[in-house]
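A.B. asks: Handing you a structure now.
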Amino acid sequence: MQANSSSATHGITVLELIVSIAALLVIISILPSAYENIVMRTNDAKRLKDMDQLQSALQIYYLYNSTYPIVTPAEKITGTDQLSKILQKSFLILRTRLPTDPDSPHRDYIYQSSADGKGYTIVYCLEAY
């Protein structure tokens, strides 16, 4: 009778270990940039929502006053700025602060009206586009 001399091992080889580590390193290197991209897109979505809110508030002000709030020169919207004070005095309902950029103080919303109050400009910056 012949003895079965099979020397099969049931472990992983060095090559398999190296390939597995390399795959993990690639995945780990992608994660921070993916997270940063998600944060930028989330901030941009908030900025666009904030612009809708600001435009709505300014339209309501215009309906009652036939002008937009006159603020010259351009001013950052901080909640204590001239635009915020004008809108808070005008609306009995408006008890909250105007929205500010999610990355403030590094980025800000800036408001400026025309001298006659018939137009306005709001400056803001999107990160992901």
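Note on naming: chains are A, B, ... as they come in the structure tokens, residues start from 1 per chain, ligands start from 1 in the order shown.
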For segment 51-55 of chain A, find every residue with an atom within 12 Å (counting only C-alpha atoms), except residues of its own chain fewer than 5 positions away, and show them as a PyMOL selection string.
C.D. replies: chain A and resi 44-46+60-62+68-69+77+83-84+87+94+96-101+109-111+119-126
A.B. asks: Quick one: write out the picked residues with C-alpha atoms as a short mmCIF file (atom, residue, chain, number, x, y, z; two decimals), in the first residue's frame?
C.D. replies:
data_model
loop_
_atom_site.label_atom_id
_atom_site.label_comp_id
_atom_site.auth_asym_id
_atom_site.auth_seq_id
_atom_site.Cartn_x
_atom_site.Cartn_y
_atom_site.Cartn_z
CA ASP A 44 -23.87 73.56 -2.11
CA ALA A 45 -27.36 72.16 -1.63
CA LYS A 46 -27.72 74.26 1.54
CA ILE A 60 -42.16 89.74 0.12
CA TYR A 61 -40.35 92.90 1.21
CA TYR A 62 -40.64 94.26 -2.33
CA TYR A 68 -35.76 96.04 -2.18
CA PRO A 69 -33.88 96.83 1.04
CA ILE A 77 -25.01 88.62 5.51
CA LEU A 83 -30.09 93.70 5.52
CA SER A 84 -30.94 91.36 8.39
CA LEU A 87 -35.93 92.47 7.15
CA LEU A 94 -39.30 86.65 10.85
CA THR A 96 -34.86 83.72 12.94
CA ARG A 97 -31.61 84.99 11.54
CA LEU A 98 -31.06 85.10 7.82
CA PRO A 99 -29.12 82.12 6.53
CA THR A 100 -25.35 82.31 6.40
CA ASP A 101 -22.90 80.30 4.33
CA TYR A 109 -23.14 85.57 1.27
CA ILE A 110 -22.88 89.18 0.16
CA TYR A 111 -25.88 91.44 -0.52
CA GLY A 119 -32.66 95.56 -7.95
CA TYR A 120 -30.20 93.62 -5.87
CA THR A 121 -27.29 91.22 -6.13
CA ILE A 122 -26.46 88.33 -3.83
CA VAL A 123 -23.00 86.84 -4.25
CA TYR A 124 -22.27 83.29 -3.15
CA CYS A 125 -19.86 80.54 -4.16
CA LEU A 126 -20.59 76.90 -4.97
#
A.B. asks: Which distance in Å separates atom CA of Gln112 of chain A and atom CA of Gly79 of chain A, to one decimal?
C.D. replies: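 One can read the atom CA of Gln112 of chain A to atom CA of Gly79 of chain A distance as 15.0 Å.
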A.B. asks: Separation of atom CA of Ile86 of chain A and atom CA of Asp116 of chain A, in Å?
C.D. replies: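 Interatomic distance here is 15.8 Å.
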A.B. asks: Near Ala115 of chain A, counting only C-alpha atoms, which residues have an atom at most 9 Å away, once you skip same-chain residues fewer than 6 positions from it, shown as a short mmCIF file (atom, residue, chain, number, x, y, z; two decimals) with N, CA and C atoms, in the first residue's frame?
C.D. replies:
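Output file result32.cif is given in full below:
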data_model
loop_
_atom_site.label_atom_id
_atom_site.label_comp_id
_atom_site.auth_asym_id
_atom_site.auth_seq_id
_atom_site.Cartn_x
_atom_site.Cartn_y
_atom_site.Cartn_z
N ILE A 70 -32.45 98.75 0.74
CA ILE A 70 -31.31 99.48 0.18
C ILE A 70 -30.12 99.31 1.11
N VAL A 71 -29.10 98.61 0.59
CA VAL A 71 -27.86 98.37 1.32
C VAL A 71 -26.72 98.63 0.35
N THR A 72 -26.04 99.72 0.55
CA THR A 72 -24.84 100.01 -0.23
C THR A 72 -23.79 100.57 0.72
#
A.B. asks: From the options A:Lys89, A:Thr67, A:Glu75, A:His10, which residue's atoms come nearest to Gly117 of chain A, counting only C-alpha atoms?
C.D. replies: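 For Gly117 of chain A, the nearest of the candidates is A:Thr67.
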A.B. asks: Name all residues at most 10 Å from Asp103 of chain A (count only C-alpha atoms; drop same-chain ones fewer than 3 positions away) and give them as a ChimeraX atom specification.
C.D. replies: /A:40,43,47,100,106-108
A.B. asks: What residues in chain A get the DSSP label alpha helix (DSSP H)? Please answer as an MDAnalysis selection string.
C.D. replies: chainID A and resid 14:65 82:90
A.B. asks: One number please: atom CA of Ala128 of chain A to atom CA of Ala74 of chain A, in Å, one decimal.
C.D. replies: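 Taking atom CA of Ala128 of chain A and atom CA of Ala74 of chain A, their separation equals 25.0 Å.
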